[in-house]
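Peer 1: This is the structure I have questions about; it appears just below.
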Amino acid sequence: MRFFSTGLFRGLVAQLLGTIVGMTFVMAVRVMMGLPAWSAEASVQEPVLVGGVLIGAISFLVGVGIFNDWFKWARGIPTTDSIEPDPAKPNWMRYFSVDYDHKVIGIQYGITSILLLGIGGTLAMLFRTELASSGITFLNSDIFETILGYSSEHLFNTLMSLHGIVMIASILLGVGALSNYLLPLLIGANDMAFPRLNSFGFWVNVPGAIILVSSMFFGGFDTGWVGYPPLSLRAPIGMQMFLIGVYLVGLSSISGAINVIVTTFTMRAKGMSMFKMPIFVWAALATAFIQFTATQLIGLSFQLVLLERLFGMNFFDATAGGDPILYQHLFWFYSHPAVYVFILPGLGIISELLPVFARKPLFGYRWIALSSMAIGLVGFFVWAHHMFASGMSPYLRIPFMYATLLVAVPTGVKFFSWVGTLWEAKLTLPTPMLFALGAIIIFLLGGVTGPPLGTIATDLHLHDTYFVVGHFHNTMFGGYIFPFFAALYFWFPKLTGRMYNEKLGKLHFWAMWIAFMVLTIGMLFIGLQGMRRRVVDYDLDLGFDSTHLIMTIAGFVIFFSVVVCLINLIVSARRGKEAKGNVWNSRSPEWQISSPPPLHNYAQPFEVVGEPYDYGLPNSTYVNMSPAPSGAQGAE
Amino acid sequence: MIHLAIVSVLVIISTVLLGLFLTTADILPAQASVQAETVDWLFGIHWWFIAFFVSLITVFILYSVIVFRRRKGERGDGKYMTGNHNLEILWTVVPIAIVLWMAVIGASTLADVERRDPQAITVDVFASQWVWRFEYTVQVTGESGEQILTAVSSDTLFLPNNQQVVLRLHSEDVIHSFFVPEFRVKQDVLPGGEEFVRELRVTPKLLGTFKVRCAEICGRLHYDMQADVTVVNGSEFNAWLVEQAAGCNLTDAECGQRWAQTYGCIACHSINGDEGVGPTWLGLIGSEVLLTDGSTVIADEEYLLTSVLDPNAHIVASFQPGIMPQDFDERLSELQILQIIAFIMSLESE
């Protein structure tokens, strides 16, 4: 089997061995300290497992080979900046090993993201089935207790918590996929600025995701994805796996963001001033600024919980002088801006696609570009709106209410500019455009349900209800999921050189869009009525049974529509109609070269000679693919 | 221009229809507090803004999709227009004005909701995994005629109608949240003692029974952490308080049952043989109990007393240590503990 010679396989073996070595090491230290090495008690197992898992994660990275070049540098051995494919090996093997090509890394991110999307979606289907009617009727099946060894209520809490964090990891990887694959192609670079760091940024996610999902088998955790102490200090060992897994994924965000920022500032094609960049690059840049400056805070807050659990350092335990609200500030200082990490790239995709299918310039390019930056900036001053009911200083809530409502302004600019782009257009509606338009409507619902959560008096009713659940699923589906699928269909011919099946694409869109609208309106409605979040069961006499049943059916429709999409894309990648050229008649540079793009992208640097979205302006182009060589060459 | 005129009319029609639907359909629960009136007034303003902005964007997009769609065989691009700075400034400045106004009324409604009534009565609310307990302070006349303050505990939150109540929220373990949808207010309940006690003010205005449910995830039985909230007339409320303050003059076992309910014992220990977070009490007395260390012990009166005061002394096989609070000697009087044990001893299996 060729698979056994891939970096991924070596990494997994190394992770397993590393975990065993790490556990042995901690047990040895414990014996020397006169403590029991192992027992049935969680308090004894926890430090051993945490030590093992941490060493295991590092071992994975060594095993996969991500440090090889850095080791070589340390020993003074020269290296090259790209790994040329070995013609003796089949092409697919590149995707399972360390590779520095941004297109390979982009696809690695994308596939991993879709895998996590599948896991997160499956978890959701499990607890949605439970919620279909009042009474605990599904998760109390003996099968679950036999496999996992915990009660139906705890199982629900674990499934719900893992669904949240696995989806977040999936989205972060999906954002990585979009920016890594597209950014160099869009700005005319041959790769990202730091290819090794880029590859590290992807591979650190793999042990991160494995550890995260493994939390299910270490007792799970029942805190939701927010992990508020003191509850998270009492949760089973699964809590630690959650903290460590997220920590590793966070490292990926930071290293990926450095690459996006430096690549955008230093590697643009000749003539591409900031306001001539494709609009997605602005979105990716704003996203990277947030990731680069905020991710440390969630890492820090999780690290403090980890240390408090392991060593009894009382940061958050109020009875010992700690402060539980401090954690919430640290946590939301990242986790609110993180929401904009999830949606800004998606909104960038919408802005990128609309002009192509409207055959019109992007309305107010500069306003859209700067609104991404404005959202990114204002996003740093609103975190405490998650804490209006938390018991923080009551007067502190007012400035956060002002800042929160202000987010509506730059978001509004985007909506109005999109409407301006569509006005008097010549619209066509293939699958990617349907997804982009569907995204706008859903994101609109997410937008207008924001202000009732922003004004404190109304938020005190809505906080921790399904209204909040509906609101953020709107922003996630409108700001990420639908645009992600739009991008997937739009650039699928670019990735593979083949066309997807249009009928199945449209089926996917309509099934998912209608089902999602049903689901989310149901969530908003029962939330207003007082249905709480994160509960395994609800009273029959609240009258929510029929709404929940409809929502569960809608959830399954969404799930299976994604299955249809994946079948479509997998089959089309092998047998689809050939689509080598500029299938969407786009002005963007990546469509002016062959599909899939050549190994090092552009054979010669192109030059930007016009505006990116001047559709409808006769005889204009964005890029000149074969500019005259600059300066006199030779003596002719 | 004709396009703009048509769309404007459609936006107005859609706004009115959607706004009327949102404001007239019963999308919020019953209004059971004075605070709820203010909150619902603010909701009403939100509904109209939502109706307008949803209509504005949706109608424009739907109209564009239908009218500006490329016809079969049509060639060429759309109208060349790259933007309009005046429009962009307009749709930046007007929303800024709207959100600032929203923030101002948001602050004034909050002030209204939190307005203090100096005559408000105080109830101490104690939340612990997964029980609510409510404590009232009552002035009673002692045997020799002196006035003494005595605490009354209840598993139901009794409230007098049309009277502001200050709920002082204490948590004994993790973060909980006090939420009665009909009152429209919510406040997290923090552990950590007096420094972390938070207050919530509510003035009931509707007679009836509602539910307080925990809104902040607090572990395994979070979903089931609920208690009745009963709003009665002032006179009825006072009569109830006096009756409670008189103490329990029933048999020991009956009083014990009352304490077991009030202090939440039966949230974890069933009295009908069902499996719970802790061992069931039915048929416990005199039975042989298997412990996690493999030994067995006979559940006599002394065993029960030890298990209440020092819950981790004996852990019954297949149950987790450290779940039951270890401070019942502080929470309950000696008499109350003995009465609870009398109640357990009365639960012989049939």
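Labels for the structure tokens follow display order: chains A, B, ..., residues from 1 in each chain, ligands from 1.
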Compile a residue-level contact table for chain A against chain B at a cut-off of 7 Å, reporting for every qualifying residue the shortest atom pair and its distance in Å to one decimal, with only C-alpha atoms counted, rows ordered by chain and ascending number, as a tab-separated table.
Peer 2:
residue	atom	partner	partner_atom	distance
A:Glu153	CA	B:Arg220	CA	5.6
A:His154	CA	B:Arg220	CA	5.1
A:Asp222	CA	B:Gly219	CA	5.8
A:Thr223	CA	B:Ile217	CA	6.5
A:Pro230	CA	B:Val174	CA	5.3
A:Leu231	CA	B:Val174	CA	5.5
A:Ala318	CA	B:Gly192	CA	4.4
A:Thr319	CA	B:Gly192	CA	4.8
A:Ala358	CA	B:Gly78	CA	6.7
A:Arg359	CA	B:Asp77	CA	4.9
A:Lys360	CA	B:Gly78	CA	5.1
A:Pro361	CA	B:Thr82	CA	5.3
A:Leu362	CA	B:Thr82	CA	6.3
A:Phe363	CA	B:Gly83	CA	4.6
A:Gly364	CA	B:Gly83	CA	4.4
A:Ala389	CA	B:Gln187	CA	4.9
A:Ser390	CA	B:Asp188	CA	5.1
A:Gly391	CA	B:Asp188	CA	6.1
A:Ile398	CA	B:Ala107	CA	6.6
A:Met401	CA	B:Ala103	CA	6.6
A:Tyr402	CA	B:Ala103	CA	5.6
A:Leu405	CA	B:Val99	CA	5.7
A:Leu406	CA	B:Val99	CA	6.4
A:Val409	CA	B:Pro95	CA	5.8
A:Val413	CA	B:Thr92	CA	6.5
A:Val419	CA	B:Ile61	CA	6.4
A:Leu422	CA	B:Ser64	CA	6.2
A:Trp423	CA	B:Ser64	CA	5.9
A:Glu424	CA	B:Phe68	CA	5.6
A:Ala425	CA	B:Gly78	CA	4.3
A:Lys426	CA	B:Arg70	CA	4.8
A:Leu427	CA	B:Arg69	CA	4.4
A:Thr428	CA	B:Arg70	CA	5.9
A:Ile441	CA	B:Thr58	CA	6.8
A:Leu444	CA	B:Val54	CA	6.9
A:Val448	CA	B:Ile50	CA	5.6
A:Pro452	CA	B:His46	CA	6.3
A:Thr455	CA	B:Gly106	CA	5.1
A:Ile456	CA	B:Gly106	CA	6.5
A:Ala457	CA	B:Leu110	CA	5.1
A:Thr458	CA	B:Val39	CA	5.7
A:Leu460	CA	B:Lys186	CA	5.2
A:His461	CA	B:Arg184	CA	4.6
A:Asp464	CA	B:Ala215	CA	6.0
A:Phe525	CA	B:Ile27	CA	6.8
A:Leu528	CA	B:Leu28	CA	5.6
A:Gln529	CA	B:Leu28	CA	5.3
A:Gly530	CA	B:Pro181	CA	5.3
A:Arg532	CA	B:Ala215	CA	6.1
A:Arg534	CA	B:Ile217	CA	6.5
A:Val535	CA	B:Tyr223	CA	4.6
A:Val536	CA	B:Tyr223	CA	6.1
A:Asp537	CA	B:Tyr223	CA	6.2
A:Tyr615	CA	B:Asp77	CA	6.5
A:Gly616	CA	B:Asp77	CA	4.8
A:Leu617	CA	B:Tyr80	CA	6.2
Peer 1: Any chance you could list, as a list in words, the residues in region 175-231 of chain B that come up strand (DSSP E) when DSSP is run on the backbone?
Peer 2: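 So, restricting region 175-231 of chain B to strand (DSSP E), we get His176, Ser177, Phe178, Phe179, Val180, Val185, Lys186, Gln187, Asp188, Val189, Arg198, Glu199, Leu200, Arg201, Val202, Gly208, Thr209, Phe210, Lys211, Val212, Arg213, Cys214, Gln226, Ala227, Asp228, Val229, Thr230 and Val231 of chain B.
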Peer 1: Write the selection just made, keeping C-alpha atoms, as a PDB file, in the first residue's frame?
Peer 2:
ATOM      1  CA  HIS B 176     -26.594  29.335  36.712  1.00  0.00           C
ATOM      2  CA  SER B 177     -29.041  31.821  35.238  1.00  0.00           C
ATOM      3  CA  PHE B 178     -32.422  32.958  36.519  1.00  0.00           C
ATOM      4  CA  PHE B 179     -34.899  33.127  33.638  1.00  0.00           C
ATOM      5  CA  VAL B 180     -38.671  33.442  33.667  1.00  0.00           C
ATOM      6  CA  VAL B 185     -35.585  39.419  32.507  1.00  0.00           C
ATOM      7  CA  LYS B 186     -32.573  37.251  33.077  1.00  0.00           C
ATOM      8  CA  GLN B 187     -29.526  37.337  35.322  1.00  0.00           C
ATOM      9  CA  ASP B 188     -26.642  34.912  35.719  1.00  0.00           C
ATOM     10  CA  VAL B 189     -26.205  33.488  39.198  1.00  0.00           C
ATOM     11  CA  ARG B 198     -26.170  39.806  41.837  1.00  0.00           C
ATOM     12  CA  GLU B 199     -29.600  41.376  42.069  1.00  0.00           C
ATOM     13  CA  LEU B 200     -32.548  41.120  39.736  1.00  0.00           C
ATOM     14  CA  ARG B 201     -35.615  43.323  40.109  1.00  0.00           C
ATOM     15  CA  VAL B 202     -39.019  42.252  38.927  1.00  0.00           C
ATOM     16  CA  GLY B 208     -50.653  32.603  38.102  1.00  0.00           C
ATOM     17  CA  THR B 209     -47.912  30.028  38.120  1.00  0.00           C
ATOM     18  CA  PHE B 210     -44.860  30.278  35.863  1.00  0.00           C
ATOM     19  CA  LYS B 211     -41.563  28.441  35.741  1.00  0.00           C
ATOM     20  CA  VAL B 212     -38.094  29.657  36.513  1.00  0.00           C
ATOM     21  CA  ARG B 213     -35.631  27.652  34.473  1.00  0.00           C
ATOM     22  CA  CYS B 214     -31.861  27.755  34.507  1.00  0.00           C
ATOM     23  CA  GLN B 226     -36.672  24.431  37.217  1.00  0.00           C
ATOM     24  CA  ALA B 227     -39.020  25.598  39.937  1.00  0.00           C
ATOM     25  CA  ASP B 228     -42.513  27.035  40.143  1.00  0.00           C
ATOM     26  CA  VAL B 229     -42.990  30.780  40.397  1.00  0.00           C
ATOM     27  CA  THR B 230     -46.391  31.536  41.886  1.00  0.00           C
ATOM     28  CA  VAL B 231     -47.732  35.079  41.869  1.00  0.00           C
TER      29      VAL B 231
END
Peer 1: Would you list, as number ranges by chain, the residues of region 22-250 of chain B that end up in helix (DSSP H, G or I) under DSSP run on this structure's backbone?
Peer 2: B: 22-24, 34-67, 85-113, 181-183, 194-196, 222-224, 234-245
Peer 1: Atoms to include: C-alpha atoms. Write the selected residues as a compact mmCIF listing (two decimals), in the first residue's frame.
Peer 2:
# COMPACT_ATOMS: atom_id res chain seq x y z
CA LEU B 22 -44.76 40.76 13.66
CA THR B 23 -46.52 43.22 15.95
CA THR B 24 -49.92 41.53 16.04
CA VAL B 34 -44.20 45.56 34.75
CA GLN B 35 -40.70 45.29 33.26
CA ALA B 36 -42.10 43.18 30.41
CA GLU B 37 -44.20 46.13 29.20
CA THR B 38 -41.08 48.25 28.62
CA VAL B 39 -39.17 45.38 27.02
CA ASP B 40 -42.07 44.58 24.68
CA TRP B 41 -42.36 48.24 23.67
CA LEU B 42 -38.70 48.09 22.58
CA PHE B 43 -39.36 44.79 20.79
CA GLY B 44 -42.14 46.57 18.89
CA ILE B 45 -39.70 49.16 17.55
CA HIS B 46 -37.31 46.40 16.52
CA TRP B 47 -40.09 44.57 14.64
CA TRP B 48 -40.76 47.61 12.45
CA PHE B 49 -37.09 48.12 11.64
CA ILE B 50 -36.77 44.41 10.85
CA ALA B 51 -39.87 44.58 8.63
CA PHE B 52 -38.41 47.56 6.74
CA PHE B 53 -34.87 46.30 6.21
CA VAL B 54 -35.90 42.75 5.31
CA SER B 55 -38.37 44.18 2.78
CA LEU B 56 -35.91 46.70 1.38
CA ILE B 57 -33.14 44.21 0.58
CA THR B 58 -35.32 41.23 -0.31
CA VAL B 59 -37.65 43.13 -2.65
CA PHE B 60 -34.74 44.80 -4.45
CA ILE B 61 -32.95 41.48 -4.93
CA LEU B 62 -36.05 39.55 -6.01
CA TYR B 63 -36.99 42.33 -8.41
CA SER B 64 -33.47 42.35 -9.87
CA VAL B 65 -33.46 38.57 -10.24
CA ILE B 66 -36.78 38.63 -12.08
CA VAL B 67 -36.56 41.83 -14.14
CA HIS B 85 -20.40 58.24 -3.50
CA ASN B 86 -23.46 60.28 -2.53
CA LEU B 87 -25.54 57.14 -2.18
CA GLU B 88 -22.78 55.41 -0.18
CA ILE B 89 -22.53 58.40 2.17
CA LEU B 90 -26.32 58.43 2.52
CA TRP B 91 -26.54 54.76 3.44
CA THR B 92 -23.69 55.15 5.90
CA VAL B 93 -24.92 58.29 7.64
CA VAL B 94 -28.61 57.37 7.91
CA PRO B 95 -27.89 53.97 9.54
CA ILE B 96 -25.44 55.65 11.95
CA ALA B 97 -28.22 58.01 13.00
CA ILE B 98 -30.66 55.11 13.38
CA VAL B 99 -28.32 52.96 15.49
CA LEU B 100 -27.35 55.87 17.71
CA TRP B 101 -31.03 56.56 18.32
CA MET B 102 -31.59 52.83 19.01
CA ALA B 103 -28.73 52.90 21.51
CA VAL B 104 -30.20 55.91 23.28
CA ILE B 105 -33.62 54.32 23.66
CA GLY B 106 -31.86 51.03 24.47
CA ALA B 107 -30.20 52.75 27.43
CA SER B 108 -33.38 54.47 28.58
CA THR B 109 -35.44 51.25 28.45
CA LEU B 110 -32.71 49.51 30.43
CA ALA B 111 -32.89 52.24 33.06
CA ASP B 112 -36.65 51.74 33.13
CA VAL B 113 -36.36 47.96 33.54
CA PRO B 181 -39.74 34.14 30.05
CA GLU B 182 -42.99 35.78 31.17
CA PHE B 183 -41.00 38.32 33.22
CA GLU B 194 -21.32 37.85 48.91
CA GLU B 195 -18.98 39.65 46.47
CA PHE B 196 -20.58 37.78 43.60
CA HIS B 222 -29.33 21.57 33.46
CA TYR B 223 -32.41 21.02 31.31
CA ASP B 224 -34.43 19.96 34.33
CA GLY B 234 -50.42 40.56 48.68
CA SER B 235 -52.67 39.33 51.49
CA GLU B 236 -52.37 35.74 50.40
CA PHE B 237 -48.60 36.16 50.21
CA ASN B 238 -48.40 37.47 53.78
CA ALA B 239 -50.57 34.67 55.06
CA TRP B 240 -48.32 32.15 53.33
CA LEU B 241 -45.20 33.70 54.88
CA VAL B 242 -46.66 33.58 58.39
CA GLU B 243 -47.68 29.97 57.90
CA GLN B 244 -44.19 29.05 56.72
CA ALA B 245 -42.52 30.93 59.54
Peer 1: For each of A:Ser43, A:Ser97, A:Thr496, A:Ser141, take the minimum atom-to-atom distance to Phe3 (chain A), counting only C-alpha atoms, then give the residue where this is smallest.
Peer 2: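 Once distances to Phe3 (chain A) are computed over only C-alpha atoms, the minimum belongs to A:Ser97.
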Peer 1: Under the rule that only C-alpha atoms are counted, which of B:Ala246, B:Ile2, B:Cys268, B:Ala151 is the nearest residue to Leu332 (chain B)?
Peer 2: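 Of the candidates, the smallest distance to Leu332 (chain B) is held by B:Ala151.
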Peer 1: Can you tell me, as a PyMOL selection string, what residues are no more than 9 Å from Phe328 (chain B) when counting only C-alpha atoms, ignoring any on the same chain fewer than 2 positions away?
Peer 2: chain B and resi 308-310+325-326+330-333+337
Peer 1: Write the residues you've just listed into a file as a PDB file, in the first residue's frame, and include C-alpha atoms for each of them.
Peer 2:
ATOM      1  CA  VAL B 308     -25.471  13.320  54.632  1.00  0.00           C
ATOM      2  CA  LEU B 309     -22.682  14.992  56.590  1.00  0.00           C
ATOM      3  CA  ASP B 310     -19.701  13.479  54.753  1.00  0.00           C
ATOM      4  CA  PRO B 325     -22.465  19.086  48.338  1.00  0.00           C
ATOM      5  CA  GLN B 326     -20.437  18.553  51.493  1.00  0.00           C
ATOM      6  CA  GLU B 330     -24.211  24.310  57.484  1.00  0.00           C
ATOM      7  CA  ARG B 331     -27.211  24.472  55.208  1.00  0.00           C
ATOM      8  CA  LEU B 332     -29.590  22.551  57.474  1.00  0.00           C
ATOM      9  CA  SER B 333     -30.274  22.477  61.168  1.00  0.00           C
ATOM     10  CA  ILE B 337     -31.265  16.479  59.032  1.00  0.00           C
TER      11      ILE B 337
END
Peer 1: Using Å and a single decimal, report how far CA of Glu130 (chain A) sits from CA of Phe156 (chain A).
Peer 2: 8.4 Å
Peer 1: Please indicate the distance in Å from CA of Asp191 (chain A) to CA of Ser82 (chain A), rounded to one decimal place.
Peer 2: 9.2 Å
Peer 1: Any idea what's packed within 12 Å of Thr251 (chain B), counting only C-alpha atoms, ignoring anything in its chain fewer than 2 positions away? Could you give it as a compact mmCIF listing (two decimals) with C-alpha atoms, in the first residue's frame?
Peer 2:
# COMPACT_ATOMS: atom_id res chain seq x y z
CA GLY B 247 -42.20 26.02 61.11
CA CYS B 248 -43.11 22.45 60.54
CA ASN B 249 -45.52 20.93 63.00
CA ALA B 253 -41.09 12.01 58.38
CA GLU B 254 -43.52 14.49 56.83
CA CYS B 255 -41.31 17.43 57.76
CA GLY B 256 -38.34 15.51 56.40
CA GLN B 257 -40.14 15.09 53.08
CA ARG B 258 -40.69 18.84 52.98
CA GLN B 336 -33.94 19.12 59.77
CA LEU B 338 -32.77 14.07 61.53
CA GLN B 339 -36.22 14.65 60.04
CA ILE B 340 -34.89 13.94 56.53
CA ALA B 342 -36.76 9.87 59.41
CA PHE B 343 -38.30 10.42 56.00
CA SER B 346 -40.15 5.68 56.18
